[in-house]
Amino acid sequence: MKDRPVLVLLTSHWLSMLGAALVTLAGFSWLFVLPLNIRGSSVQNPYIGLLVFIAIPIVFFAGLVLIPIGIALAKRKVTGNLDEIEDRRVAWRRAGIFFGVMTVANVVIASQLSYRAVVHMDTVQFCGQTCHVMKPEFTAHAAMPPHQAVACAECHVAPGATGWLKAKMNGTNQLIAVVFNNYPRPIESAMENNKLVSSAETCEQCHARDKPIAPRLRVIASYKDDETNTRTTTVLMMRIATIHAAHLGPGIRIRYSSADKKRQTIPTVEYESAKAGASRTYLASGSTSDSVRSLPVFEMQCVDCHNRASHAFELPDRAVNQAMASGQIASSLPFVKKESIALLKAGDAEQIPVALSAFYSMNYADVARKQGAEVHAAGAALAAVYERNVFSDLKVTWGTYPNNLGHTDAPGCFRCHDEAHLTADKKSISQDCGLCHQLVAMDEASPEILKTLELAPNH
């Protein structure tokens, strides 16, 4: 009889019974993944991670809330029985011990589940795979060394509790948009929706602004769309230190306005140099002071040029050139460059290998017979290119996300360096190629510099 009050309180209302059942279910489920937690292993399957670190804690805490509610509602039914117990102090002491022990156990379990849930929500698997709308960005991130090893939260969440809280609130809004199927297609980048974390809090934690960077050699292979896929090579010496010093050096401050969310049209540029004592404002051709007055103004930082440092998408021409240079697509296949571009733009990953094989069977039967393996490999490579750049269900296609680094695939540098941005006294932002790179070889068949440096053409 002395144990009856605890049992009565716990079992006299269906809410407390349901709560106890949920806590027990979550507790035992957690025990199954305890060895994984102890080893510190990560959960690679995003849906298992969602179950283990999100669903189980929700069930667990829901049970903890329901138990005291059920007990409070049950007290009214058992008041008479409690008065009949000879030693109510003993009964309540036992109840206190029971709840005390269970509380300690619950705190341990809850703290572990909460910690693992927070950690899991910052993983690439959670950000990129749990929510299918992020598949394009996840796919691009996985193909971008060395940043593919950097977790999403390192760049998209500002340091500190405030940054974490803002990120989770933003994530909640995104979740609601996904649930109600009213999220934008294509998904807006952090730069577009003004959720961009400052480069000083992200990029510059690893890439120090004042650290000198030596010039770097770039060897760029390209292929013509003729029958023999004529190869040419361009060699550039990039003046990286000069580029960075001109835009982000000590005492340099650049601010600009943007006429579109993707910041591809820049009507005004404000340049200040404390060291030189210079201050200039450039206005784009066709713009007036009145027309740009209401436009948003941004201060230049790393991501204004490196906007796709971890999520770069390719265009067909560049993608095929790289695939051919690496040997994934055999350059010995007649017209393979021209046909590859056409198939990628036509758009159907499953049909690309079939169409390429059909092209050679119809037009180059001898090649189809002797180089069947190369044709098959080229088709597979093209399908892979298409699948990592085009996501029709999310309205992501070629050029959806422009890359501002350089000026070949998108305006990039030429958004400002077009010599059409002028000051009041008609000074322009220079477009002199030599400011950023030294042209060593331009579309040459066999650049002498590569022989001198003993570099392979595919370097």
# chains A, B, ... in the order shown; residues from 1 in each chain; ligands from 1

$ closest_atom_pairs --of "stretch 419-441 of chain A" --to "stretch 448-457 of chain A" --cutoff "12 Å" --atoms "only C-alpha atoms" --output "JSON lines"
{"residue": "A:Leu439", "atom": "CA", "partner": "A:Ile449", "partner_atom": "CA", "distance": 11.3}
{"residue": "A:Val440", "atom": "CA", "partner": "A:Ile449", "partner_atom": "CA", "distance": 7.5}
{"residue": "A:Ala441", "atom": "CA", "partner": "A:Ile449", "partner_atom": "CA", "distance": 7.7}

$ select_by_dssp --residues "stretch 217-274 of chain A" --states "strand (DSSP E)" --output "list of chain:residue names"
A:Leu217, A:Arg218, A:Val219, A:Ile220, A:Ala221, A:Ser222, A:Tyr223, A:Arg231, A:Thr232, A:Thr233, A:Thr234, A:Val235, A:Leu236, A:Met237, A:Met238, A:Ile252, A:Arg253, A:Ile254, A:Arg255, A:Tyr256, A:Ser257, A:Thr268, A:Val269, A:Glu270, A:Tyr271, A:Glu272, A:Ser273

$ closest_residue --among "A:Phe61, A:Phe138, A:Phe335, A:Phe298" --to "A:Asp226" --atoms "only C-alpha atoms"
A:Phe335

$ residues_around --residues "A:Glu137" --least-positions-apart "6" --cutoff "12 Å" --atoms "only C-alpha atoms" --output "ChimeraX atom specification"
/A:124-125,127-129,131,143-144,148,152,186-190,308-313,388-391,394,396,400-401

$ write_last_selection --atoms "C-alpha atoms" --output "tab-separated table (two decimals), in the first residue's frame"
chain	number	residue	atom	x	y	z
A	124	VAL	CA	27.21	19.17	-44.35
A	125	GLN	CA	24.93	16.11	-44.40
A	127	CYS	CA	22.41	21.18	-44.43
A	128	GLY	CA	22.81	19.67	-47.87
A	129	GLN	CA	21.02	16.33	-47.88
A	131	CYS	CA	16.56	19.22	-47.25
A	143	ALA	CA	33.17	18.99	-56.02
A	144	MET	CA	35.12	22.00	-54.71
A	148	GLN	CA	34.68	20.53	-49.60
A	152	CYS	CA	28.57	24.73	-44.03
A	186	PRO	CA	16.09	28.61	-57.78
A	187	ILE	CA	17.16	28.96	-54.16
A	188	GLU	CA	18.64	32.39	-53.54
A	189	SER	CA	22.28	32.63	-52.51
A	190	ALA	CA	23.23	34.23	-49.20
A	308	ARG	CA	31.40	30.82	-55.50
A	309	ALA	CA	34.48	29.74	-53.58
A	310	SER	CA	32.72	26.63	-52.25
A	311	HIS	CA	29.77	26.23	-54.62
A	312	ALA	CA	30.98	26.85	-58.17
A	313	PHE	CA	28.86	25.77	-61.12
A	388	ARG	CA	26.17	18.38	-61.18
A	389	ASN	CA	25.16	21.61	-62.89
A	390	VAL	CA	21.51	21.33	-63.94
A	391	PHE	CA	18.62	20.67	-61.54
A	394	LEU	CA	14.68	23.56	-58.78
A	396	VAL	CA	18.86	25.61	-61.76
A	400	THR	CA	21.88	30.43	-62.92
A	401	TYR	CA	24.59	31.20	-60.37

$ residues_around --residues "stretch 197-213 of chain A" --least-positions-apart "6" --cutoff "6 Å" --atoms "only C-alpha atoms" --output "PDB file with N, CA, C and O atoms, in the first residue's frame"
ATOM      1  N   CYS A 155      31.053  28.925 -42.729  1.00  0.00           N
ATOM      2  CA  CYS A 155      30.931  30.111 -43.575  1.00  0.00           C
ATOM      3  C   CYS A 155      29.563  30.771 -43.475  1.00  0.00           C
ATOM      4  O   CYS A 155      29.435  31.969 -43.715  1.00  0.00           O
ATOM      5  N   ALA A 241      48.753  39.029 -55.235  1.00  0.00           N
ATOM      6  CA  ALA A 241      49.037  40.010 -54.183  1.00  0.00           C
ATOM      7  C   ALA A 241      48.644  41.421 -54.626  1.00  0.00           C
ATOM      8  O   ALA A 241      48.091  42.205 -53.842  1.00  0.00           O
ATOM      9  N   CYS A 302      35.748  39.900 -49.494  1.00  0.00           N
ATOM     10  CA  CYS A 302      36.257  38.764 -50.272  1.00  0.00           C
ATOM     11  C   CYS A 302      35.212  38.174 -51.211  1.00  0.00           C
ATOM     12  O   CYS A 302      35.479  37.882 -52.381  1.00  0.00           O
TER      13      CYS A 302
END

$ closest_residue --among "A:Met169, A:Cys416, A:Met17, A:Met442" --to "A:Tyr282" --atoms "only C-alpha atoms"
A:Cys416

$ closest_residue --among "A:Met191, A:Ile71, A:Leu283, A:Ala161" --to "A:Pro402" --atoms "only C-alpha atoms"
A:Met191

$ select_by_dssp --residues "stretch 143-315 of chain A" --states "alpha helix (DSSP H)" --output "JSON, numbers by chain"
{"A": [152, 153, 154, 155, 156, 160, 161, 162, 163, 164, 165, 166, 167, 168, 169, 170, 171, 172, 173, 174, 175, 176, 177, 178, 179, 240, 241, 242, 243, 244, 245, 246, 247, 248, 289, 290, 291, 292]}

$ atom_distance --atom1 "atom CA of A:His421" --atom2 "atom CA of A:Thr281"
9.0 Å
